[in-house]
Every structure is written in C-alpha cells, then in structure tokens.
file coords-v8.txt (compact mmCIF, N, CA and C atoms)
# COMPACT_ATOMS: atom_id res chain seq x y z
N MET A 1 106.97 141.52 83.05
CA MET A 1 106.52 141.90 84.38
C MET A 1 105.07 141.46 84.60
N LYS A 2 104.25 141.61 83.56
CA LYS A 2 102.85 141.23 83.63
C LYS A 2 102.71 139.73 83.96
N TYR A 3 103.54 138.90 83.33
CA TYR A 3 103.48 137.47 83.56
C TYR A 3 103.95 137.10 84.97
N LEU A 4 104.92 137.81 85.47
CA LEU A 4 105.42 137.58 86.83
C LEU A 4 104.32 137.86 87.85
N ILE A 5 103.56 138.91 87.66
CA ILE A 5 102.46 139.24 88.56
C ILE A 5 101.38 138.16 88.52
N ILE A 6 101.08 137.67 87.34
CA ILE A 6 100.08 136.61 87.20
C ILE A 6 100.56 135.34 87.92
N ILE A 7 101.80 134.98 87.73
CA ILE A 7 102.35 133.78 88.36
C ILE A 7 102.34 133.92 89.88
N LEU A 8 102.76 135.07 90.38
CA LEU A 8 102.77 135.29 91.83
C LEU A 8 101.36 135.26 92.39
N SER A 9 100.40 135.76 91.65
CA SER A 9 99.00 135.74 92.09
C SER A 9 98.50 134.31 92.19
N LEU A 10 98.83 133.49 91.20
CA LEU A 10 98.41 132.09 91.23
C LEU A 10 99.06 131.33 92.37
N VAL A 11 100.33 131.58 92.63
CA VAL A 11 101.02 130.94 93.75
C VAL A 11 100.36 131.35 95.06
N SER A 12 100.05 132.61 95.20
CA SER A 12 99.39 133.12 96.40
C SER A 12 98.04 132.46 96.60
N LEU A 13 97.26 132.33 95.55
CA LEU A 13 95.96 131.69 95.65
C LEU A 13 96.07 130.23 96.04
N SER A 14 97.01 129.52 95.47
CA SER A 14 97.15 128.10 95.78
C SER A 14 97.64 127.90 97.20
N CYS A 15 98.45 128.80 97.72
CA CYS A 15 98.92 128.68 99.10
C CYS A 15 97.80 128.99 100.08
N GLY A 16 96.89 129.86 99.72
CA GLY A 16 95.83 130.26 100.62
C GLY A 16 94.72 129.25 100.75
N THR A 17 94.69 128.22 99.92
CA THR A 17 93.61 127.26 99.96
C THR A 17 94.00 125.96 100.64
N SER A 18 95.15 125.91 101.27
CA SER A 18 95.55 124.67 101.92
C SER A 18 94.65 124.39 103.12
N LYS A 19 94.36 123.13 103.34
CA LYS A 19 93.49 122.71 104.44
C LYS A 19 94.37 122.26 105.61
N ASP A 20 93.83 122.47 106.81
CA ASP A 20 94.50 121.92 107.99
C ASP A 20 94.34 120.41 107.96
N LYS A 21 95.43 119.71 108.19
CA LYS A 21 95.43 118.25 108.14
C LYS A 21 95.35 117.69 109.56
N ILE A 22 94.45 116.75 109.76
CA ILE A 22 94.29 116.08 111.04
C ILE A 22 94.26 114.58 110.81
N SER A 23 94.98 113.85 111.63
CA SER A 23 94.94 112.39 111.62
C SER A 23 93.99 111.95 112.71
N VAL A 24 93.05 111.08 112.36
CA VAL A 24 92.05 110.63 113.33
C VAL A 24 92.17 109.12 113.51
N TYR A 25 92.50 108.72 114.74
CA TYR A 25 92.54 107.31 115.12
C TYR A 25 91.16 106.92 115.61
N MET A 26 90.63 105.82 115.07
CA MET A 26 89.29 105.40 115.45
C MET A 26 89.10 103.92 115.17
N SER A 27 88.11 103.37 115.85
CA SER A 27 87.74 101.97 115.62
C SER A 27 87.13 101.84 114.23
N PRO A 28 87.43 100.76 113.52
CA PRO A 28 86.87 100.60 112.17
C PRO A 28 85.35 100.40 112.16
N THR A 29 84.76 100.11 113.31
CA THR A 29 83.32 99.84 113.36
C THR A 29 82.50 100.96 113.99
N CYS A 30 83.12 102.06 114.34
CA CYS A 30 82.43 103.13 115.07
C CYS A 30 81.76 104.12 114.13
N GLY A 31 80.44 104.16 114.15
CA GLY A 31 79.68 105.06 113.29
C GLY A 31 79.80 106.52 113.70
N CYS A 32 79.84 106.80 115.01
CA CYS A 32 79.92 108.20 115.43
C CYS A 32 81.28 108.80 115.08
N CYS A 33 82.32 107.99 115.07
CA CYS A 33 83.64 108.48 114.67
C CYS A 33 83.62 108.92 113.21
N LYS A 34 82.99 108.11 112.37
CA LYS A 34 82.90 108.42 110.95
C LYS A 34 82.08 109.70 110.73
N LYS A 35 81.03 109.89 111.54
CA LYS A 35 80.23 111.11 111.42
C LYS A 35 81.05 112.33 111.85
N TRP A 36 81.88 112.19 112.89
CA TRP A 36 82.73 113.31 113.32
C TRP A 36 83.74 113.66 112.23
N VAL A 37 84.31 112.64 111.60
CA VAL A 37 85.23 112.87 110.48
C VAL A 37 84.51 113.65 109.38
N SER A 38 83.28 113.29 109.06
CA SER A 38 82.51 114.02 108.04
C SER A 38 82.30 115.47 108.46
N HIS A 39 82.04 115.69 109.75
CA HIS A 39 81.88 117.06 110.28
C HIS A 39 83.16 117.86 110.04
N LEU A 40 84.31 117.25 110.30
CA LEU A 40 85.58 117.95 110.08
C LEU A 40 85.78 118.26 108.60
N GLN A 41 85.52 117.29 107.74
CA GLN A 41 85.67 117.49 106.30
C GLN A 41 84.72 118.58 105.80
N ASP A 42 83.49 118.59 106.30
CA ASP A 42 82.52 119.61 105.92
C ASP A 42 82.96 121.00 106.35
N ASN A 43 83.86 121.06 107.34
CA ASN A 43 84.35 122.33 107.87
C ASN A 43 85.78 122.63 107.43
N GLY A 44 86.19 122.01 106.32
CA GLY A 44 87.44 122.39 105.67
C GLY A 44 88.70 121.69 106.12
N PHE A 45 88.59 120.65 106.95
CA PHE A 45 89.78 119.92 107.36
C PHE A 45 90.06 118.78 106.38
N GLU A 46 91.33 118.51 106.19
CA GLU A 46 91.75 117.33 105.43
C GLU A 46 92.01 116.24 106.46
N VAL A 47 91.27 115.14 106.38
CA VAL A 47 91.31 114.11 107.41
C VAL A 47 91.95 112.84 106.88
N GLU A 48 92.89 112.33 107.66
CA GLU A 48 93.45 111.00 107.43
C GLU A 48 92.86 110.10 108.50
N SER A 49 92.00 109.15 108.10
CA SER A 49 91.40 108.21 109.05
C SER A 49 92.33 107.03 109.22
N ILE A 50 92.67 106.75 110.47
CA ILE A 50 93.55 105.62 110.79
C ILE A 50 92.76 104.67 111.66
N TYR A 51 92.45 103.49 111.12
CA TYR A 51 91.64 102.53 111.85
C TYR A 51 92.52 101.73 112.82
N GLU A 52 92.07 101.67 114.05
CA GLU A 52 92.85 101.08 115.13
C GLU A 52 91.91 100.26 116.02
N ASN A 53 92.28 99.00 116.25
CA ASN A 53 91.48 98.16 117.13
C ASN A 53 91.81 98.38 118.60
N ASN A 54 93.02 98.83 118.90
CA ASN A 54 93.44 99.05 120.28
C ASN A 54 93.56 100.54 120.56
N MET A 55 92.44 101.20 120.80
CA MET A 55 92.44 102.64 121.03
C MET A 55 93.13 103.02 122.35
N ARG A 56 93.16 102.12 123.31
CA ARG A 56 93.83 102.42 124.58
C ARG A 56 95.31 102.74 124.33
N SER A 57 95.92 102.04 123.39
CA SER A 57 97.34 102.29 123.10
C SER A 57 97.54 103.70 122.54
N ILE A 58 96.57 104.20 121.79
CA ILE A 58 96.65 105.56 121.24
C ILE A 58 96.53 106.58 122.38
N LYS A 59 95.57 106.35 123.27
CA LYS A 59 95.39 107.26 124.42
C LYS A 59 96.65 107.30 125.27
N THR A 60 97.27 106.16 125.47
CA THR A 60 98.50 106.08 126.26
C THR A 60 99.64 106.81 125.54
N LYS A 61 99.76 106.59 124.25
CA LYS A 61 100.82 107.23 123.47
C LYS A 61 100.76 108.75 123.57
N TYR A 62 99.56 109.31 123.55
CA TYR A 62 99.40 110.77 123.59
C TYR A 62 99.10 111.30 125.00
N LYS A 63 99.25 110.43 126.00
CA LYS A 63 99.11 110.80 127.42
C LYS A 63 97.75 111.42 127.72
N ILE A 64 96.71 110.78 127.22
CA ILE A 64 95.34 111.22 127.48
C ILE A 64 94.82 110.40 128.64
N SER A 65 94.53 111.05 129.75
CA SER A 65 94.09 110.33 130.95
C SER A 65 92.71 109.73 130.75
N GLN A 66 92.42 108.72 131.53
CA GLN A 66 91.13 108.02 131.45
C GLN A 66 89.96 108.99 131.62
N LYS A 67 90.10 109.98 132.50
CA LYS A 67 88.99 110.91 132.75
C LYS A 67 88.71 111.82 131.55
N ASN A 68 89.65 111.92 130.63
CA ASN A 68 89.50 112.79 129.45
C ASN A 68 89.25 112.04 128.16
N THR A 69 89.02 110.73 128.22
CA THR A 69 88.91 109.95 126.99
C THR A 69 87.50 109.94 126.42
N SER A 70 87.47 109.64 125.14
CA SER A 70 86.25 109.41 124.38
C SER A 70 86.56 108.29 123.39
N CYS A 71 85.84 108.23 122.29
CA CYS A 71 86.05 107.09 121.39
C CYS A 71 87.17 107.28 120.37
N HIS A 72 87.37 108.47 119.85
CA HIS A 72 88.39 108.67 118.82
C HIS A 72 89.37 109.76 119.25
N THR A 73 90.54 109.73 118.61
CA THR A 73 91.59 110.70 118.94
C THR A 73 92.14 111.29 117.65
N GLY A 74 92.09 112.60 117.57
CA GLY A 74 92.67 113.31 116.43
C GLY A 74 94.00 113.94 116.84
N ILE A 75 94.91 114.02 115.90
CA ILE A 75 96.19 114.69 116.10
C ILE A 75 96.35 115.73 115.02
N ILE A 76 96.54 116.99 115.46
CA ILE A 76 96.73 118.09 114.52
C ILE A 76 97.80 119.00 115.08
N ASP A 77 98.80 119.28 114.27
CA ASP A 77 99.98 120.02 114.74
C ASP A 77 100.51 119.30 115.98
N SER A 78 100.68 119.99 117.07
CA SER A 78 101.20 119.35 118.29
C SER A 78 100.09 119.02 119.28
N TYR A 79 98.83 119.10 118.85
CA TYR A 79 97.69 118.93 119.75
C TYR A 79 96.96 117.60 119.53
N PHE A 80 96.38 117.07 120.63
CA PHE A 80 95.41 116.00 120.47
C PHE A 80 94.01 116.59 120.55
N ILE A 81 93.09 115.97 119.84
CA ILE A 81 91.68 116.34 119.86
C ILE A 81 90.93 115.07 120.20
N GLU A 82 90.41 115.01 121.41
CA GLU A 82 89.80 113.78 121.91
C GLU A 82 88.28 113.90 121.92
N GLY A 83 87.61 113.00 121.22
CA GLY A 83 86.16 112.98 121.24
C GLY A 83 85.52 113.98 120.28
N HIS A 84 84.28 114.31 120.59
CA HIS A 84 83.42 115.05 119.66
C HIS A 84 83.57 116.57 119.79
N VAL A 85 84.78 117.04 119.62
CA VAL A 85 85.08 118.47 119.68
C VAL A 85 84.61 119.12 118.39
N PRO A 86 83.81 120.19 118.48
CA PRO A 86 83.37 120.89 117.27
C PRO A 86 84.56 121.48 116.48
N ALA A 87 84.42 121.48 115.17
CA ALA A 87 85.47 122.01 114.30
C ALA A 87 85.81 123.46 114.63
N SER A 88 84.81 124.25 115.04
CA SER A 88 85.07 125.66 115.37
C SER A 88 86.02 125.80 116.55
N ASP A 89 85.95 124.88 117.50
CA ASP A 89 86.88 124.92 118.64
C ASP A 89 88.30 124.53 118.22
N ILE A 90 88.40 123.60 117.28
CA ILE A 90 89.72 123.22 116.76
C ILE A 90 90.33 124.39 116.01
N ARG A 91 89.54 125.07 115.21
CA ARG A 91 90.03 126.26 114.48
C ARG A 91 90.52 127.32 115.48
N GLU A 92 89.75 127.55 116.53
CA GLU A 92 90.14 128.54 117.54
C GLU A 92 91.44 128.13 118.23
N LEU A 93 91.58 126.85 118.52
CA LEU A 93 92.81 126.33 119.13
C LEU A 93 94.01 126.62 118.21
N LEU A 94 93.86 126.34 116.93
CA LEU A 94 94.95 126.56 115.98
C LEU A 94 95.28 128.04 115.83
N GLU A 95 94.27 128.89 115.87
CA GLU A 95 94.49 130.34 115.76
C GLU A 95 95.20 130.90 116.99
N LYS A 96 94.74 130.49 118.17
CA LYS A 96 95.31 131.01 119.42
C LYS A 96 96.66 130.38 119.75
N ASN A 97 96.84 129.12 119.32
CA ASN A 97 98.08 128.38 119.53
C ASN A 97 98.57 128.41 120.99
N PRO A 98 97.70 128.04 121.94
CA PRO A 98 98.12 128.06 123.35
C PRO A 98 99.07 126.91 123.67
N ASP A 99 99.78 127.04 124.77
CA ASP A 99 100.72 126.01 125.21
C ASP A 99 99.96 124.96 126.03
N VAL A 100 99.15 124.14 125.34
CA VAL A 100 98.37 123.08 125.96
C VAL A 100 98.61 121.79 125.19
N ALA A 101 98.14 120.68 125.77
CA ALA A 101 98.29 119.38 125.10
C ALA A 101 97.18 119.14 124.08
N GLY A 102 95.97 119.64 124.38
CA GLY A 102 94.90 119.42 123.44
C GLY A 102 93.54 119.77 123.99
N LEU A 103 92.51 119.39 123.22
CA LEU A 103 91.12 119.60 123.60
C LEU A 103 90.42 118.26 123.72
N THR A 104 89.41 118.20 124.59
CA THR A 104 88.66 116.97 124.75
C THR A 104 87.20 117.24 125.08
N VAL A 105 86.35 116.35 124.61
CA VAL A 105 84.98 116.23 125.08
C VAL A 105 84.91 114.83 125.67
N PRO A 106 85.11 114.71 126.98
CA PRO A 106 85.12 113.38 127.60
C PRO A 106 83.77 112.68 127.47
N GLY A 107 83.83 111.38 127.40
CA GLY A 107 82.61 110.60 127.32
C GLY A 107 81.95 110.70 125.96
N MET A 108 80.66 110.52 125.96
CA MET A 108 79.92 110.50 124.70
C MET A 108 78.61 111.29 124.84
N PRO A 109 78.68 112.61 125.05
CA PRO A 109 77.43 113.36 125.12
C PRO A 109 76.69 113.29 123.79
N ALA A 110 75.38 113.27 123.87
CA ALA A 110 74.57 113.17 122.65
C ALA A 110 73.62 114.35 122.56
N GLY A 111 73.48 114.89 121.36
CA GLY A 111 72.56 115.99 121.12
C GLY A 111 72.79 116.61 119.76
N THR A 112 71.89 117.47 119.36
CA THR A 112 71.96 118.08 118.03
C THR A 112 73.17 119.00 117.89
N ASN A 113 73.76 119.41 119.00
CA ASN A 113 74.91 120.32 118.97
C ASN A 113 76.23 119.60 119.23
N VAL A 114 76.23 118.27 119.19
CA VAL A 114 77.45 117.47 119.40
C VAL A 114 77.80 116.80 118.08
N PRO A 115 78.83 117.29 117.37
CA PRO A 115 79.14 116.74 116.04
C PRO A 115 79.47 115.24 116.10
N GLY A 116 78.71 114.48 115.31
CA GLY A 116 78.89 113.04 115.27
C GLY A 116 78.00 112.29 116.23
N MET A 117 77.39 113.00 117.18
CA MET A 117 76.52 112.35 118.18
C MET A 117 75.11 112.95 118.16
N GLU A 118 74.62 113.28 116.99
CA GLU A 118 73.30 113.86 116.83
C GLU A 118 72.23 112.78 116.88
N THR A 119 72.23 111.99 117.94
CA THR A 119 71.34 110.83 118.04
C THR A 119 70.03 111.12 118.75
N ILE A 120 69.93 112.28 119.41
CA ILE A 120 68.67 112.68 120.02
C ILE A 120 68.32 114.08 119.53
N ASN A 121 67.04 114.40 119.55
CA ASN A 121 66.57 115.65 118.94
C ASN A 121 66.49 116.79 119.96
N GLU A 122 67.54 116.98 120.72
CA GLU A 122 67.65 118.11 121.63
C GLU A 122 69.12 118.43 121.83
N LYS A 123 69.40 119.65 122.28
CA LYS A 123 70.78 120.04 122.51
C LYS A 123 71.31 119.42 123.79
N ALA A 124 72.59 119.10 123.79
CA ALA A 124 73.25 118.56 124.98
C ALA A 124 73.93 119.69 125.74
N LYS A 125 74.03 119.55 127.04
CA LYS A 125 74.85 120.43 127.86
C LYS A 125 76.17 119.70 128.06
N TYR A 126 77.24 120.29 127.52
CA TYR A 126 78.55 119.66 127.66
C TYR A 126 79.64 120.70 127.58
N ASP A 127 80.83 120.31 128.00
CA ASP A 127 81.99 121.18 127.96
C ASP A 127 83.06 120.61 127.05
N VAL A 128 83.69 121.50 126.31
CA VAL A 128 84.95 121.19 125.65
C VAL A 128 86.02 121.65 126.64
N LEU A 129 86.92 120.75 127.00
CA LEU A 129 87.98 121.08 127.94
C LEU A 129 89.30 121.25 127.22
N TYR A 130 90.14 122.12 127.74
CA TYR A 130 91.53 122.13 127.28
C TYR A 130 92.34 121.39 128.33
N VAL A 131 93.30 120.63 127.85
CA VAL A 131 94.14 119.82 128.74
C VAL A 131 95.55 120.40 128.71
N ARG A 132 96.00 120.77 129.88
CA ARG A 132 97.37 121.28 129.99
C ARG A 132 98.36 120.13 129.86
N LYS A 133 99.60 120.48 129.65
CA LYS A 133 100.63 119.45 129.48
C LYS A 133 100.87 118.64 130.74
N ASP A 134 100.48 119.17 131.91
CA ASP A 134 100.62 118.41 133.16
C ASP A 134 99.42 117.48 133.39
N GLY A 135 98.45 117.48 132.46
CA GLY A 135 97.29 116.61 132.55
C GLY A 135 96.06 117.25 133.18
N SER A 136 96.21 118.40 133.82
CA SER A 136 95.06 119.08 134.39
C SER A 136 94.23 119.71 133.26
N SER A 137 92.98 120.00 133.57
CA SER A 137 92.11 120.52 132.52
C SER A 137 91.20 121.61 133.07
N ALA A 138 90.62 122.39 132.16
CA ALA A 138 89.68 123.43 132.48
C ALA A 138 88.75 123.62 131.27
N VAL A 139 87.68 124.36 131.47
CA VAL A 139 86.69 124.55 130.40
C VAL A 139 87.24 125.49 129.32
N TRP A 140 87.20 125.01 128.09
CA TRP A 140 87.53 125.82 126.90
C TRP A 140 86.26 126.53 126.44
N LYS A 141 85.16 125.75 126.32
CA LYS A 141 83.88 126.32 125.90
C LYS A 141 82.76 125.45 126.44
N HIS A 142 81.71 126.12 126.87
CA HIS A 142 80.53 125.40 127.38
C HIS A 142 79.43 125.47 126.33
N TYR A 143 78.75 124.35 126.12
CA TYR A 143 77.62 124.27 125.19
C TYR A 143 76.36 123.88 125.95
N ASN A 144 75.24 124.49 125.55
CA ASN A 144 73.95 124.06 126.11
C ASN A 144 72.82 124.37 125.15

call {"tool": "encode", "arguments": {"input": "coords-v8.txt", "output": "structure tokens"}}
result
Amino acid sequence: MKYLIIILSLVSLSCGTSKDKISVYMSPTCGCCKKWVSHLQDNGFEVESIYENNMRSIKTKYKISQKNTSCHTGIIDSYFIEGHVPASDIRELLEKNPDVAGLTVPGMPAGTNVPGMETINEKAKYDVLYVRKDGSSAVWKHYN
C-alpha cells in the first residue's frame, strides 16, 4: 500500500507540471516575434516556432481580419493569439475558456509593457481585444 501511494503521488506531480503548448507562426527574420516567444517560454508555455514566409496565408486560414492582424500568430487549444498579447492574458483566456475565436493586439505597439516590443523606454497605451467567432471584437484588457 505504501508503494502504491508513492507511485500515485509521483504520477500526480508529473501531471501537474505539464505546460500549455502553443504553436507560433512567424517570419524567420522577425526579431520581435522571437522576443515574444521568449516571453511565453519565460511564463511557462511550451512553444513550437513555425517559420513561415507567407504570413497572410496563416491569417486567412485562421480567419483573422486585416484590422486585427499583427506580425505573428499563435494557436493554442481552439484559440488564435495574434500579435504581442501578454502571457497573463493568454492564461486568463485558457482559464475562462470563453466562446471566442481568440485574442489580438493589432498592429505593433511599442513600450516597456508590450512583450516583445520593448523598444522604447516608456509604457504603451494599447488594448488586447477578444475576437468573437463572427469577427467582431471588443476590449479584453486595456494597458497604459
């Protein structure tokens, strides 16, 4: 019985340490994409980087409208993650599991609070949007 408890404890521990896996499509030459991937890894995500020269085809495949695009696209569970979305927002999305298509930070805002775009020494004012399955969007979280 003692050995069974030890084995079950080890199985429980190994199951509890699994990382959320995200596939990230990005240009092979984009430095900010690589920095965003590092941000995800630093925050406990297991990242598969997929280098793609034709990012428009990825946006089309996942039905991401032009107004919601950025440079890279992540896919996790049934959601897309477009652009420089903070890892904390992705975690919240996975916890809440809403019936949406994904999250996006359209464009390329730059600032110390934009993961992967810390190119200027001040905070950016930007929104993380959630995108409904019909393509409409609304603010998930505002940063300033």

call {"tool": "atom_distance", "arguments": {"input": "coords-v8.txt", "atom1": "atom N of Gln66 of chain A", "atom2": "atom C of His84 of chain A"}}
result
16.7 Å

call {"tool": "closest_residue", "arguments": {"input": "coords-v8.txt", "among": "A:Thr112, A:Lys141, A:Ser23, A:Lys63", "to": "Ala124 of chain A", "atoms": "all atoms listed in the file"}}
result
A:Thr112

call {"tool": "atom_distance", "arguments": {"input": "coords-v8.txt", "atom1": "atom CA of Arg132 of chain A", "atom2": "atom CA of Val24 of chain A"}}
result
20.5 Å

call {"tool": "closest_residue", "arguments": {"input": "coords-v8.txt", "among": "A:Val105, A:Asp77, A:Val37, A:Ser57", "to": "Lys21 of chain A", "atoms": "all atoms listed in the file"}}
result
A:Asp77

call {"tool": "atom_distance", "arguments": {"input": "coords-v8.txt", "atom1": "atom CA of Ser137 of chain A", "atom2": "atom CA of Ile58 of chain A"}}
result
19.3 Å

call {"tool": "select_by_dssp", "arguments": {"input": "coords-v8.txt", "residues": "chain A", "states": "alpha helix (DSSP H)", "output": "JSON, numbers by chain"}}
result
{"A": [2, 3, 4, 5, 6, 7, 8, 9, 10, 11, 12, 13, 14, 15, 16, 31, 32, 33, 34, 35, 36, 37, 38, 39, 40, 41, 42, 55, 56, 57, 58, 59, 60, 61, 87, 88, 89, 90, 91, 92, 93, 94, 95, 96]}

call {"tool": "residues_near_point", "arguments": {"input": "coords-v8.txt", "point": "(86.4, 124.4, 109.3)", "cutoff": "10 Å", "atoms": "only C-alpha atoms", "output": "ChimeraX atom specification"}}
result
/A:19-20,39-46,86-92

call {"tool": "axis_aligned_box", "arguments": {"input": "coords-v8.txt", "around": "segment 57-67 of chain A", "padding_each_side": "6 Å", "output": "AutoDock Vina command-line options"}}
result
--center_x 94.8 --center_y 106.9 --center_z 127.0 --size_x 24.1 --size_y 21.8 --size_z 23.5

call {"tool": "closest_residue", "arguments": {"input": "coords-v8.txt", "among": "A:Cys71, A:Thr104, A:Val114, A:Ile22", "to": "Val128 of chain A", "atoms": "only C-alpha atoms"}}
result
A:Thr104

call {"tool": "closest_residue", "arguments": {"input": "coords-v8.txt", "among": "A:Glu52, A:Ile76, A:Thr29, A:Ser65", "to": "Asn97 of chain A", "atoms": "only C-alpha atoms"}}
result
A:Ile76

call {"tool": "closest_residue", "arguments": {"input": "coords-v8.txt", "among": "A:Val47, A:Met26, A:Met108, A:Leu93", "to": "Tyr130 of chain A", "atoms": "only C-alpha atoms"}}
result
A:Leu93

call {"tool": "residues_around", "arguments": {"input": "coords-v8.txt", "residues": "Glu122 of chain A", "least_positions_apart": "2", "cutoff": "7 Å", "atoms": "all atoms listed in the file", "output": "list in words"}}
result
Ala110, Gly111, Thr112, Asn113, Thr119, Ile120 and Ala124 of chain A

call {"tool": "closest_residue", "arguments": {"input": "coords-v8.txt", "among": "A:Gly74, A:Pro98, A:Pro106, A:Gly135", "to": "Cys33 of chain A", "atoms": "only C-alpha atoms"}}
result
A:Gly74

call {"tool": "select_by_dssp", "arguments": {"input": "coords-v8.txt", "residues": "chain A", "states": "strand (DSSP E)", "output": "ChimeraX atom specification"}}
result
/A:21-26,46-51,73-76,79-82,102-104,126-131,137-143

call {"tool": "write_last_selection", "arguments": {"input": "coords-v8.txt", "atoms": "N, CA and C atoms", "output": "compact mmCIF listing (two decimals), in the coordinates of the input"}}
result
# COMPACT_ATOMS: atom_id res chain seq x y z
N LYS A 21 95.43 119.71 108.19
CA LYS A 21 95.43 118.25 108.14
C LYS A 21 95.35 117.69 109.56
N ILE A 22 94.45 116.75 109.76
CA ILE A 22 94.29 116.08 111.04
C ILE A 22 94.26 114.58 110.81
N SER A 23 94.98 113.85 111.63
CA SER A 23 94.94 112.39 111.62
C SER A 23 93.99 111.95 112.71
N VAL A 24 93.05 111.08 112.36
CA VAL A 24 92.05 110.63 113.33
C VAL A 24 92.17 109.12 113.51
N TYR A 25 92.50 108.72 114.74
CA TYR A 25 92.54 107.31 115.12
C TYR A 25 91.16 106.92 115.61
N MET A 26 90.63 105.82 115.07
CA MET A 26 89.29 105.40 115.45
C MET A 26 89.10 103.92 115.17
N GLU A 46 91.33 118.51 106.19
CA GLU A 46 91.75 117.33 105.43
C GLU A 46 92.01 116.24 106.46
N VAL A 47 91.27 115.14 106.38
CA VAL A 47 91.31 114.11 107.41
C VAL A 47 91.95 112.84 106.88
N GLU A 48 92.89 112.33 107.66
CA GLU A 48 93.45 111.00 107.43
C GLU A 48 92.86 110.10 108.50
N SER A 49 92.00 109.15 108.10
CA SER A 49 91.40 108.21 109.05
C SER A 49 92.33 107.03 109.22
N ILE A 50 92.67 106.75 110.47
CA ILE A 50 93.55 105.62 110.79
C ILE A 50 92.76 104.67 111.66
N TYR A 51 92.45 103.49 111.12
CA TYR A 51 91.64 102.53 111.85
C TYR A 51 92.52 101.73 112.82
N THR A 73 90.54 109.73 118.61
CA THR A 73 91.59 110.70 118.94
C THR A 73 92.14 111.29 117.65
N GLY A 74 92.09 112.60 117.57
CA GLY A 74 92.67 113.31 116.43
C GLY A 74 94.00 113.94 116.84
N ILE A 75 94.91 114.02 115.90
CA ILE A 75 96.19 114.69 116.10
C ILE A 75 96.35 115.73 115.02
N ILE A 76 96.54 116.99 115.46
CA ILE A 76 96.73 118.09 114.52
C ILE A 76 97.80 119.00 115.08
N TYR A 79 98.83 119.10 118.85
CA TYR A 79 97.69 118.93 119.75
C TYR A 79 96.96 117.60 119.53
N PHE A 80 96.38 117.07 120.63
CA PHE A 80 95.41 116.00 120.47
C PHE A 80 94.01 116.59 120.55
N ILE A 81 93.09 115.97 119.84
CA ILE A 81 91.68 116.34 119.86
C ILE A 81 90.93 115.07 120.20
N GLU A 82 90.41 115.01 121.41
CA GLU A 82 89.80 113.78 121.91
C GLU A 82 88.28 113.90 121.92
N GLY A 102 95.97 119.64 124.38
CA GLY A 102 94.90 119.42 123.44
C GLY A 102 93.54 119.77 123.99
N LEU A 103 92.51 119.39 123.22
CA LEU A 103 91.12 119.60 123.60
C LEU A 103 90.42 118.26 123.72
N THR A 104 89.41 118.20 124.59
CA THR A 104 88.66 116.97 124.75
C THR A 104 87.20 117.24 125.08
N TYR A 126 77.24 120.29 127.52
CA TYR A 126 78.55 119.66 127.66
C TYR A 126 79.64 120.70 127.58
N ASP A 127 80.83 120.31 128.00
CA ASP A 127 81.99 121.18 127.96
C ASP A 127 83.06 120.61 127.05
N VAL A 128 83.69 121.50 126.31
CA VAL A 128 84.95 121.19 125.65
C VAL A 128 86.02 121.65 126.64
N LEU A 129 86.92 120.75 127.00
CA LEU A 129 87.98 121.08 127.94
C LEU A 129 89.30 121.25 127.22
N TYR A 130 90.14 122.12 127.74
CA TYR A 130 91.53 122.13 127.28
C TYR A 130 92.34 121.39 128.33
N VAL A 131 93.30 120.63 127.85
CA VAL A 131 94.14 119.82 128.74
C VAL A 131 95.55 120.40 128.71
N SER A 137 92.98 120.00 133.57
CA SER A 137 92.11 120.52 132.52
C SER A 137 91.20 121.61 133.07
N ALA A 138 90.62 122.39 132.16
CA ALA A 138 89.68 123.43 132.48
C ALA A 138 88.75 123.62 131.27
N VAL A 139 87.68 124.36 131.47
CA VAL A 139 86.69 124.55 130.40
C VAL A 139 87.24 125.49 129.32
N TRP A 140 87.20 125.01 128.09
CA TRP A 140 87.53 125.82 126.90
C TRP A 140 86.26 126.53 126.44
N LYS A 141 85.16 125.75 126.32
CA LYS A 141 83.88 126.32 125.90
C LYS A 141 82.76 125.45 126.44
N HIS A 142 81.71 126.12 126.87
CA HIS A 142 80.53 125.40 127.38
C HIS A 142 79.43 125.47 126.33
N TYR A 143 78.75 124.35 126.12
CA TYR A 143 77.62 124.27 125.19
C TYR A 143 76.36 123.88 125.95
